[in-house]
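In what follows, a structure is listed as structure tokens, so that the remarks can point back to it.
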Amino acid sequence: MSLTELDDGLVRRMAIGAVFSDFGGKIHSVGFHRTDDLLVTSSEDDSLRLFDIANAKQLKITYHKKHGTDRVCFTHHPSSLICSSRYNLESTGESLRYLSMYDNRILRYFKGQKDRVVSLCMSPINDSFMSGSLDRSVRLWDLRVNACQGILHLRGRPAVAYDQQGLVFAIAMEGGAVKLFDSRCYDKGPFDTFLVGGDTAEVNDIKFSNDGKSMLLTTTNNNIYVLDAYRGEKKCGFSLEPSQGTSIEATFTPDGKYVLSGSGDGTLHAWNIENPSEVARWENNIGVVSCLKWAPRRAMFVAASTVLTFWIPNDGEPPVPADPSAGDQQPPPQ
């Protein structure tokens with residue numbers, strides 16, 4: 001379903017439309033292509049999987065046993081990805097790979113980060129991308145060049161994000177500190193720094209809304225904050241149930257009016273942030289949702305744990321039937 005004007009009623013009608021349950025372990029990361037109806041997932045079974053979201057169909061699966069798969073995002077090309085490694089970081093230094101799903105070929109290695117990459121973001125306007133690592137650094141890269149283009153040393157675990165115009169990027173770290181940089185002259189240091197007071201937890205995720213007016217922070221103790229992206233003021237905040245050993249993810253809707261998140265008790269929540277209030281709460285049968293993203297151009301979101309679910313507005317239509325070529329895809333639990 002194409003993206004129409006969202007309202008509280010449509011958000012409340014979101015329900016599971018397709019289920020993919022043949023993953024061999026936890027799903028680490030999901031990402032949509034910006035313009036094509038494509039989704040990529042990385043999971044504990046060392047796989048990368050490509051999905052057609054318009055038809056709820058798995059298109060391709062590749063395995064990466066040497067390096068493993070962790071954070072993943074699309075480049076501008078619909079079959080090219082950046083993926084971070086889980087294995088052999090110390091021996092190979094190959095913390096990031098630029099690869100083609102079309103012919104399962106590694107196009108380039110990016111070496112330098114000494115520990116696991118926990119945040120990865122592609123520039124919306126050019127071939128630049130950023131990675132944040134547990135080695136307490138953020139590195140800036142260019143797809144066309146092996147060498148790191150810039151490095152920022154930080155305290156604690158970093159989370160990184162570009163705004164939708166690609167002109168500004170944000171780095172969030174422990175203690176609720178958010179630093180904003182001009183992506184064209186980041187070497188001059190941040191042009192603004194915000195502090196989210198009262199929360200000393202590390203930030204595991206940061207996102208900009210599409211209109212650039214808001215930022216969304218998710219902390220390791222499952223607190224969510226919506227900030228004014230210009231002034232850094234806290235618009236609203238939500239506390240979710242703790243999830244031992246699993247980080248949750250929150251997401252904006254494309255219009256920036258709603259925020260969705262999982263919780264440690266296995267529920268999903270949606271809030272209207274213009275008039276801060278919870279508009280929907282869903283039970284689900286897949287456990288704690290660690291990956292959650294709303295599609296850029298559709299009335300649809302995906303939620304994942306060890307199972308991947310596609311959520312669409314429930315208009316009384318039956319769920320998408322299983323596609324025999326799509327692996328183990330089942331209708332949702334009753």
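Convention: chains lettered A, B, ... in structure tokens order; per-chain residue numbering from 1; ligands numbered from 1 as shown.
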Pull the closest atom pair for each residue of stretch 136-188 of chain A that gets at most 12 Å from stretch 229-248 of chain A, along with the distance in Å to one decimal, counting only C-alpha atoms, ordering rows by chain and then ascending residue number, as a tab-separated table.
residue	atom	partner	partner_atom	distance
A:Tyr162	CA	A:Ala229	CA	11.9
A:Asp163	CA	A:Ala229	CA	9.7
A:Val168	CA	A:Ala229	CA	10.6
A:Phe169	CA	A:Ala229	CA	11.0
A:Ala170	CA	A:Ala229	CA	9.7
A:Gly176	CA	A:Gly232	CA	10.9
A:Ala177	CA	A:Gly232	CA	10.1
A:Val178	CA	A:Gly232	CA	8.5
A:Lys179	CA	A:Gly232	CA	10.0
A:Leu180	CA	A:Ala229	CA	9.3
Please produce a file of those selected residues containing N, CA, C and O atoms, as a PDB file, in the first residue's frame.
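Result file follows (part30.pdb):
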ATOM      1  N   TYR A 162      22.838  10.712   9.430  1.00  0.00           N
ATOM      2  CA  TYR A 162      22.763  11.879   8.556  1.00  0.00           C
ATOM      3  C   TYR A 162      21.337  12.416   8.573  1.00  0.00           C
ATOM      4  O   TYR A 162      20.374  11.642   8.706  1.00  0.00           O
ATOM      5  N   ASP A 163      21.193  13.738   8.385  1.00  0.00           N
ATOM      6  CA  ASP A 163      19.852  14.262   8.128  1.00  0.00           C
ATOM      7  C   ASP A 163      19.480  13.933   6.679  1.00  0.00           C
ATOM      8  O   ASP A 163      20.315  13.469   5.898  1.00  0.00           O
ATOM      9  N   VAL A 168      24.022  17.660   7.305  1.00  0.00           N
ATOM     10  CA  VAL A 168      24.365  17.608   8.729  1.00  0.00           C
ATOM     11  C   VAL A 168      24.408  16.150   9.152  1.00  0.00           C
ATOM     12  O   VAL A 168      23.617  15.330   8.676  1.00  0.00           O
ATOM     13  N   PHE A 169      25.362  15.804  10.028  1.00  0.00           N
ATOM     14  CA  PHE A 169      25.270  14.511  10.671  1.00  0.00           C
ATOM     15  C   PHE A 169      25.353  14.689  12.176  1.00  0.00           C
ATOM     16  O   PHE A 169      25.902  15.678  12.679  1.00  0.00           O
ATOM     17  N   ALA A 170      24.767  13.738  12.871  1.00  0.00           N
ATOM     18  CA  ALA A 170      24.710  13.766  14.335  1.00  0.00           C
ATOM     19  C   ALA A 170      25.443  12.558  14.889  1.00  0.00           C
ATOM     20  O   ALA A 170      25.386  11.460  14.323  1.00  0.00           O
ATOM     21  N   GLY A 176      23.665  11.199  27.071  1.00  0.00           N
ATOM     22  CA  GLY A 176      22.706  11.970  26.288  1.00  0.00           C
ATOM     23  C   GLY A 176      23.306  13.149  25.553  1.00  0.00           C
ATOM     24  O   GLY A 176      22.613  14.122  25.252  1.00  0.00           O
ATOM     25  N   ALA A 177      24.595  13.084  25.245  1.00  0.00           N
ATOM     26  CA  ALA A 177      25.237  14.156  24.481  1.00  0.00           C
ATOM     27  C   ALA A 177      25.055  13.903  22.987  1.00  0.00           C
ATOM     28  O   ALA A 177      25.333  12.808  22.501  1.00  0.00           O
ATOM     29  N   VAL A 178      24.581  14.912  22.274  1.00  0.00           N
ATOM     30  CA  VAL A 178      24.399  14.830  20.829  1.00  0.00           C
ATOM     31  C   VAL A 178      25.183  15.965  20.194  1.00  0.00           C
ATOM     32  O   VAL A 178      24.965  17.140  20.507  1.00  0.00           O
ATOM     33  N   LYS A 179      26.108  15.625  19.301  1.00  0.00           N
ATOM     34  CA  LYS A 179      26.923  16.625  18.615  1.00  0.00           C
ATOM     35  C   LYS A 179      26.519  16.686  17.145  1.00  0.00           C
ATOM     36  O   LYS A 179      26.385  15.647  16.491  1.00  0.00           O
ATOM     37  N   LEU A 180      26.312  17.898  16.642  1.00  0.00           N
ATOM     38  CA  LEU A 180      25.939  18.106  15.249  1.00  0.00           C
ATOM     39  C   LEU A 180      27.122  18.655  14.465  1.00  0.00           C
ATOM     40  O   LEU A 180      27.789  19.604  14.915  1.00  0.00           O
TER      41      LEU A 180
END
Backbone-only DSSP, strand (DSSP E or B) members of stretch 209-253 of chain A, as a ChimeraX atom specification: /A:214-219,223-228,234-239,250-252
Kindly save the residues from that selection, with N, CA, C and O atoms included, as a PDB file, in the first residue's frame.
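Saved to part-v6.pdb:
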ATOM      1  N   SER A 214      13.127  16.951  13.763  1.00  0.00           N
ATOM      2  CA  SER A 214      13.209  16.186  15.006  1.00  0.00           C
ATOM      3  C   SER A 214      14.309  15.137  14.922  1.00  0.00           C
ATOM      4  O   SER A 214      14.681  14.684  13.843  1.00  0.00           O
ATOM      5  N   MET A 215      14.819  14.770  16.100  1.00  0.00           N
ATOM      6  CA  MET A 215      15.742  13.648  16.234  1.00  0.00           C
ATOM      7  C   MET A 215      15.160  12.658  17.227  1.00  0.00           C
ATOM      8  O   MET A 215      14.488  13.049  18.182  1.00  0.00           O
ATOM      9  N   LEU A 216      15.465  11.392  16.999  1.00  0.00           N
ATOM     10  CA  LEU A 216      14.950  10.309  17.831  1.00  0.00           C
ATOM     11  C   LEU A 216      16.131   9.557  18.441  1.00  0.00           C
ATOM     12  O   LEU A 216      16.968   9.029  17.718  1.00  0.00           O
ATOM     13  N   LEU A 217      16.204   9.539  19.766  1.00  0.00           N
ATOM     14  CA  LEU A 217      17.269   8.839  20.477  1.00  0.00           C
ATOM     15  C   LEU A 217      16.684   7.645  21.214  1.00  0.00           C
ATOM     16  O   LEU A 217      15.649   7.764  21.871  1.00  0.00           O
ATOM     17  N   THR A 218      17.358   6.495  21.110  1.00  0.00           N
ATOM     18  CA  THR A 218      17.001   5.316  21.884  1.00  0.00           C
ATOM     19  C   THR A 218      18.202   4.935  22.729  1.00  0.00           C
ATOM     20  O   THR A 218      19.317   4.817  22.202  1.00  0.00           O
ATOM     21  N   THR A 219      18.009   4.760  24.028  1.00  0.00           N
ATOM     22  CA  THR A 219      19.125   4.448  24.914  1.00  0.00           C
ATOM     23  C   THR A 219      19.154   2.962  25.252  1.00  0.00           C
ATOM     24  O   THR A 219      18.174   2.238  25.048  1.00  0.00           O
ATOM     25  N   ASN A 223      14.935   3.876  27.053  1.00  0.00           N
ATOM     26  CA  ASN A 223      14.256   5.167  27.049  1.00  0.00           C
ATOM     27  C   ASN A 223      14.350   5.754  25.649  1.00  0.00           C
ATOM     28  O   ASN A 223      15.368   5.612  24.960  1.00  0.00           O
ATOM     29  N   ILE A 224      13.267   6.419  25.233  1.00  0.00           N
ATOM     30  CA  ILE A 224      13.197   7.032  23.902  1.00  0.00           C
ATOM     31  C   ILE A 224      12.947   8.522  24.079  1.00  0.00           C
ATOM     32  O   ILE A 224      12.091   8.917  24.876  1.00  0.00           O
ATOM     33  N   TYR A 225      13.710   9.332  23.339  1.00  0.00           N
ATOM     34  CA  TYR A 225      13.553  10.786  23.416  1.00  0.00           C
ATOM     35  C   TYR A 225      13.368  11.351  22.014  1.00  0.00           C
ATOM     36  O   TYR A 225      14.079  10.962  21.077  1.00  0.00           O
ATOM     37  N   VAL A 226      12.435  12.268  21.875  1.00  0.00           N
ATOM     38  CA  VAL A 226      12.271  13.033  20.645  1.00  0.00           C
ATOM     39  C   VAL A 226      12.751  14.441  20.932  1.00  0.00           C
ATOM     40  O   VAL A 226      12.256  15.105  21.848  1.00  0.00           O
ATOM     41  N   LEU A 227      13.757  14.885  20.162  1.00  0.00           N
ATOM     42  CA  LEU A 227      14.357  16.200  20.378  1.00  0.00           C
ATOM     43  C   LEU A 227      14.053  17.123  19.212  1.00  0.00           C
ATOM     44  O   LEU A 227      13.947  16.684  18.060  1.00  0.00           O
ATOM     45  N   ASP A 228      13.946  18.401  19.503  1.00  0.00           N
ATOM     46  CA  ASP A 228      13.927  19.422  18.464  1.00  0.00           C
ATOM     47  C   ASP A 228      15.326  19.463  17.847  1.00  0.00           C
ATOM     48  O   ASP A 228      16.316  19.686  18.543  1.00  0.00           O
ATOM     49  N   LYS A 234      13.920  18.790  24.474  1.00  0.00           N
ATOM     50  CA  LYS A 234      13.207  17.526  24.521  1.00  0.00           C
ATOM     51  C   LYS A 234      11.720  17.773  24.261  1.00  0.00           C
ATOM     52  O   LYS A 234      11.047  18.474  25.007  1.00  0.00           O
ATOM     53  N   LYS A 235      11.214  17.226  23.152  1.00  0.00           N
ATOM     54  CA  LYS A 235       9.787  17.363  22.837  1.00  0.00           C
ATOM     55  C   LYS A 235       8.944  16.403  23.674  1.00  0.00           C
ATOM     56  O   LYS A 235       7.890  16.754  24.183  1.00  0.00           O
ATOM     57  N   CYS A 236       9.405  15.167  23.766  1.00  0.00           N
ATOM     58  CA  CYS A 236       8.705  14.160  24.557  1.00  0.00           C
ATOM     59  C   CYS A 236       9.637  12.977  24.774  1.00  0.00           C
ATOM     60  O   CYS A 236      10.678  12.848  24.113  1.00  0.00           O
ATOM     61  N   GLY A 237       9.260  12.125  25.699  1.00  0.00           N
ATOM     62  CA  GLY A 237      10.063  10.950  26.003  1.00  0.00           C
ATOM     63  C   GLY A 237       9.169   9.813  26.459  1.00  0.00           C
ATOM     64  O   GLY A 237       8.086  10.037  27.004  1.00  0.00           O
ATOM     65  N   PHE A 238       9.631   8.584  26.233  1.00  0.00           N
ATOM     66  CA  PHE A 238       8.853   7.406  26.583  1.00  0.00           C
ATOM     67  C   PHE A 238       9.786   6.365  27.184  1.00  0.00           C
ATOM     68  O   PHE A 238      10.905   6.180  26.697  1.00  0.00           O
ATOM     69  N   SER A 239       9.329   5.696  28.231  1.00  0.00           N
ATOM     70  CA  SER A 239      10.109   4.637  28.867  1.00  0.00           C
ATOM     71  C   SER A 239       9.468   3.297  28.583  1.00  0.00           C
ATOM     72  O   SER A 239       8.270   3.110  28.811  1.00  0.00           O
ATOM     73  N   ALA A 250      13.660   2.251  17.752  1.00  0.00           N
ATOM     74  CA  ALA A 250      12.476   3.079  17.519  1.00  0.00           C
ATOM     75  C   ALA A 250      12.584   3.699  16.129  1.00  0.00           C
ATOM     76  O   ALA A 250      13.672   3.821  15.567  1.00  0.00           O
ATOM     77  N   THR A 251      11.447   4.113  15.574  1.00  0.00           N
ATOM     78  CA  THR A 251      11.447   4.658  14.219  1.00  0.00           C
ATOM     79  C   THR A 251      10.406   5.764  14.086  1.00  0.00           C
ATOM     80  O   THR A 251       9.362   5.724  14.735  1.00  0.00           O
ATOM     81  N   PHE A 252      10.720   6.753  13.269  1.00  0.00           N
ATOM     82  CA  PHE A 252       9.733   7.744  12.851  1.00  0.00           C
ATOM     83  C   PHE A 252       8.894   7.185  11.705  1.00  0.00           C
ATOM     84  O   PHE A 252       9.383   6.374  10.907  1.00  0.00           O
TER      85      PHE A 252
END
Distance criterion (only C-alpha atoms): nearest to A:Arg184 out of A:Asn221, A:Leu50, A:Glu202, A:Leu140: A:Leu140
Distance query A:Asp7 at most 10 Å, only C-alpha atoms, self and fewer than 2 positions along chain excluded, as a ChimeraX atom specification: /A:4-5,9-12,257-258,272,279
Go ahead and write the selection's residues with N, CA, C and O atoms as a PDB file, in the first residue's frame.
ATOM      1  N   THR A   4      -0.064   7.092   2.223  1.00  0.00           N
ATOM      2  CA  THR A   4      -1.043   8.165   2.174  1.00  0.00           C
ATOM      3  C   THR A   4      -0.851   9.002   3.432  1.00  0.00           C
ATOM      4  O   THR A   4       0.052   8.764   4.224  1.00  0.00           O
ATOM      5  N   GLU A   5      -1.693   9.977   3.607  1.00  0.00           N
ATOM      6  CA  GLU A   5      -1.613  10.785   4.824  1.00  0.00           C
ATOM      7  C   GLU A   5      -1.916   9.898   6.032  1.00  0.00           C
ATOM      8  O   GLU A   5      -2.968   9.275   6.122  1.00  0.00           O
ATOM      9  N   GLY A   9      -6.064   6.743  13.179  1.00  0.00           N
ATOM     10  CA  GLY A   9      -6.847   5.570  12.810  1.00  0.00           C
ATOM     11  C   GLY A   9      -6.074   4.596  11.949  1.00  0.00           C
ATOM     12  O   GLY A   9      -6.119   3.382  12.167  1.00  0.00           O
ATOM     13  N   LEU A  10      -5.340   5.118  10.951  1.00  0.00           N
ATOM     14  CA  LEU A  10      -4.563   4.234  10.084  1.00  0.00           C
ATOM     15  C   LEU A  10      -3.457   3.548  10.874  1.00  0.00           C
ATOM     16  O   LEU A  10      -3.211   2.352  10.701  1.00  0.00           O
ATOM     17  N   VAL A  11      -2.785   4.292  11.749  1.00  0.00           N
ATOM     18  CA  VAL A  11      -1.712   3.696  12.551  1.00  0.00           C
ATOM     19  C   VAL A  11      -2.275   2.578  13.427  1.00  0.00           C
ATOM     20  O   VAL A  11      -1.673   1.501  13.554  1.00  0.00           O
ATOM     21  N   ARG A  12      -3.454   2.797  14.010  1.00  0.00           N
ATOM     22  CA  ARG A  12      -4.055   1.763  14.865  1.00  0.00           C
ATOM     23  C   ARG A  12      -4.410   0.502  14.074  1.00  0.00           C
ATOM     24  O   ARG A  12      -4.458  -0.593  14.642  1.00  0.00           O
ATOM     25  N   LYS A 257       5.312  12.440  12.201  1.00  0.00           N
ATOM     26  CA  LYS A 257       4.256  12.708  13.190  1.00  0.00           C
ATOM     27  C   LYS A 257       4.155  11.624  14.261  1.00  0.00           C
ATOM     28  O   LYS A 257       3.617  11.861  15.337  1.00  0.00           O
ATOM     29  N   TYR A 258       4.663  10.432  13.938  1.00  0.00           N
ATOM     30  CA  TYR A 258       4.521   9.310  14.867  1.00  0.00           C
ATOM     31  C   TYR A 258       5.880   8.662  15.116  1.00  0.00           C
ATOM     32  O   TYR A 258       6.776   8.684  14.263  1.00  0.00           O
ATOM     33  N   ASN A 272       1.710   9.506  18.935  1.00  0.00           N
ATOM     34  CA  ASN A 272       1.605  10.761  18.190  1.00  0.00           C
ATOM     35  C   ASN A 272       2.493  11.763  18.924  1.00  0.00           C
ATOM     36  O   ASN A 272       2.286  12.023  20.103  1.00  0.00           O
ATOM     37  N   VAL A 279      -1.048   6.110  20.725  1.00  0.00           N
ATOM     38  CA  VAL A 279      -2.222   5.891  19.870  1.00  0.00           C
ATOM     39  C   VAL A 279      -2.454   4.415  19.580  1.00  0.00           C
ATOM     40  O   VAL A 279      -3.544   4.034  19.155  1.00  0.00           O
TER      41      VAL A 279
END
Distance of atom CA of A:Gly25 from atom CA of A:Thr306, expressed in Å to one decimal place: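 Here the two named atoms are 5.4 Å from each other.
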Distance criterion (only C-alpha atoms): nearest to A:Asn204 out of A:Leu152, A:Ile61, A:Leu120, A:Ala15: A:Leu120
Among listed residues A:Pro78, A:Gly287, A:Pro254, A:Gly212, nearest A:Thr267 (using only C-alpha atoms):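 Of the candidates, the smallest distance to A:Thr267 is held by A:Gly287.
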From A:Glu278, A:Phe310, A:Ala147, A:Ala161, residue lying nearest A:Gln58 [only C-alpha atoms]: A:Phe310
Selected residue, from A:Asp127, A:Asp315, A:Asp22, A:Glu283, that lies nearest to A:Arg49 when counting only C-alpha atoms: A:Asp22
Between atom CA of A:His28 and atom CA of A:Arg71, distance in Å (one decimal): 6.7 Å
Contacts of A:Gln164 within 9 Å, only C-alpha atoms, excl. fewer than 2 positions in-chain, as a VMD selection string: chain A and resid 123 to 125 162 166 to 168 208 to 212
Give me a file of those residues, with C-alpha atoms, as a JSON list (two decimals), in the first residue's frame.
[["chain", "number", "residue", "atom", "x", "y", "z"],
["A", 123, "SER", "CA", 24.76, 9.68, 3.09],
["A", 124, "PRO", "CA", 21.53, 10.42, 1.20],
["A", 125, "ILE", "CA", 23.30, 12.62, -1.36],
["A", 162, "TYR", "CA", 22.76, 11.88, 8.56],
["A", 166, "GLY", "CA", 22.96, 15.00, 3.86],
["A", 167, "LEU", "CA", 24.22, 18.40, 5.02],
["A", 168, "VAL", "CA", 24.37, 17.61, 8.73],
["A", 208, "PHE", "CA", 16.45, 12.30, 12.01],
["A", 209, "SER", "CA", 12.85, 12.75, 10.89],
["A", 210, "ASN", "CA", 12.43, 13.22, 7.14],
["A", 211, "ASP", "CA", 11.62, 16.91, 7.53],
["A", 212, "GLY", "CA", 14.79, 17.42, 9.60]]
For A:Met101: contacts at 12 Å, only C-alpha atoms, fewer than 4 positions along chain excluded, given as a ChimeraX atom specification: /A:40-41,47-51,59-64,74-75,77-83,97,105-107
Same residues, N, CA and C atoms, saved as a tab-separated table (two decimals), in the first residue's frame:
chain	number	residue	atom	x	y	z
A	40	VAL	N	16.67	-5.06	3.17
A	40	VAL	CA	17.76	-6.00	3.43
A	40	VAL	C	17.79	-6.31	4.92
A	41	THR	N	18.13	-7.56	5.24
A	41	THR	CA	18.30	-7.96	6.64
A	41	THR	C	19.65	-8.64	6.80
A	47	SER	N	23.68	-14.53	7.37
A	47	SER	CA	23.04	-14.30	6.07
A	47	SER	C	22.73	-12.83	5.86
A	48	LEU	N	22.70	-12.46	4.58
A	48	LEU	CA	22.08	-11.22	4.11
A	48	LEU	C	20.92	-11.64	3.21
A	49	ARG	N	19.76	-11.02	3.43
A	49	ARG	CA	18.58	-11.39	2.65
A	49	ARG	C	17.96	-10.14	2.05
A	50	LEU	N	17.54	-10.28	0.81
A	50	LEU	CA	16.93	-9.18	0.08
A	50	LEU	C	15.46	-9.49	-0.15
A	51	PHE	N	14.58	-8.51	0.16
A	51	PHE	CA	13.14	-8.71	0.05
A	51	PHE	C	12.52	-7.65	-0.85
A	59	LEU	N	13.81	-12.26	-2.24
A	59	LEU	CA	14.41	-12.32	-3.57
A	59	LEU	C	15.72	-13.09	-3.59
A	60	LYS	N	16.51	-12.93	-2.52
A	60	LYS	CA	17.86	-13.51	-2.56
A	60	LYS	C	18.38	-13.68	-1.15
A	61	ILE	N	19.23	-14.69	-0.97
A	61	ILE	CA	19.92	-14.89	0.31
A	61	ILE	C	21.37	-15.25	0.02
A	62	THR	N	22.29	-14.63	0.72
A	62	THR	CA	23.71	-14.96	0.61
A	62	THR	C	24.26	-15.17	2.02
A	63	TYR	N	25.27	-16.06	2.14
A	63	TYR	CA	25.89	-16.34	3.44
A	63	TYR	C	27.33	-15.85	3.46
A	64	HIS	N	27.75	-15.41	4.63
A	64	HIS	CA	29.05	-14.77	4.78
A	64	HIS	C	29.72	-15.32	6.04
A	74	PHE	N	21.76	-0.13	2.65
A	74	PHE	CA	21.90	0.00	1.21
A	74	PHE	C	22.81	1.18	0.87
A	75	THR	N	23.52	1.06	-0.25
A	75	THR	CA	24.10	2.23	-0.89
A	75	THR	C	22.99	2.81	-1.78
A	77	HIS	N	22.72	2.22	-4.95
A	77	HIS	CA	22.39	1.19	-5.92
A	77	HIS	C	21.55	0.11	-5.25
A	78	PRO	N	20.48	-0.35	-5.89
A	78	PRO	CA	19.57	-1.28	-5.22
A	78	PRO	C	20.13	-2.67	-4.92
A	79	SER	N	21.27	-3.04	-5.50
A	79	SER	CA	21.82	-4.35	-5.19
A	79	SER	C	23.16	-4.27	-4.46
A	80	SER	N	23.57	-3.06	-4.05
A	80	SER	CA	24.85	-2.89	-3.36
A	80	SER	C	24.62	-2.47	-1.91
A	81	LEU	N	25.41	-3.08	-1.03
A	81	LEU	CA	25.24	-2.89	0.41
A	81	LEU	C	26.56	-2.56	1.07
A	82	ILE	N	26.47	-1.98	2.26
A	82	ILE	CA	27.60	-1.92	3.19
A	82	ILE	C	27.21	-2.78	4.38
A	83	CYS	N	28.12	-3.65	4.78
A	83	CYS	CA	27.85	-4.56	5.89
A	83	CYS	C	29.05	-4.60	6.82
A	97	ARG	N	32.47	-4.13	4.76
A	97	ARG	CA	32.57	-4.56	3.36
A	97	ARG	C	31.51	-3.86	2.53
A	105	ARG	N	29.53	-10.55	-4.58
A	105	ARG	CA	30.95	-10.21	-4.73
A	105	ARG	C	31.29	-9.04	-3.81
A	106	ILE	N	32.43	-9.14	-3.12
A	106	ILE	CA	32.90	-8.04	-2.30
A	106	ILE	C	33.62	-7.04	-3.20
A	107	LEU	N	33.15	-5.81	-3.20
A	107	LEU	CA	33.70	-4.78	-4.07
A	107	LEU	C	34.85	-4.04	-3.40
Close residues, A:Asp182 itself excluded, 9 Å, only C-alpha atoms, min 3 positions apart in chain, as a list in words: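 Near A:Asp182, the qualifying residues are Leu167, Val168, Phe169, Cys185, Tyr186, Asp187, Lys188, Gly189, Pro190 and Phe191 of chain A.
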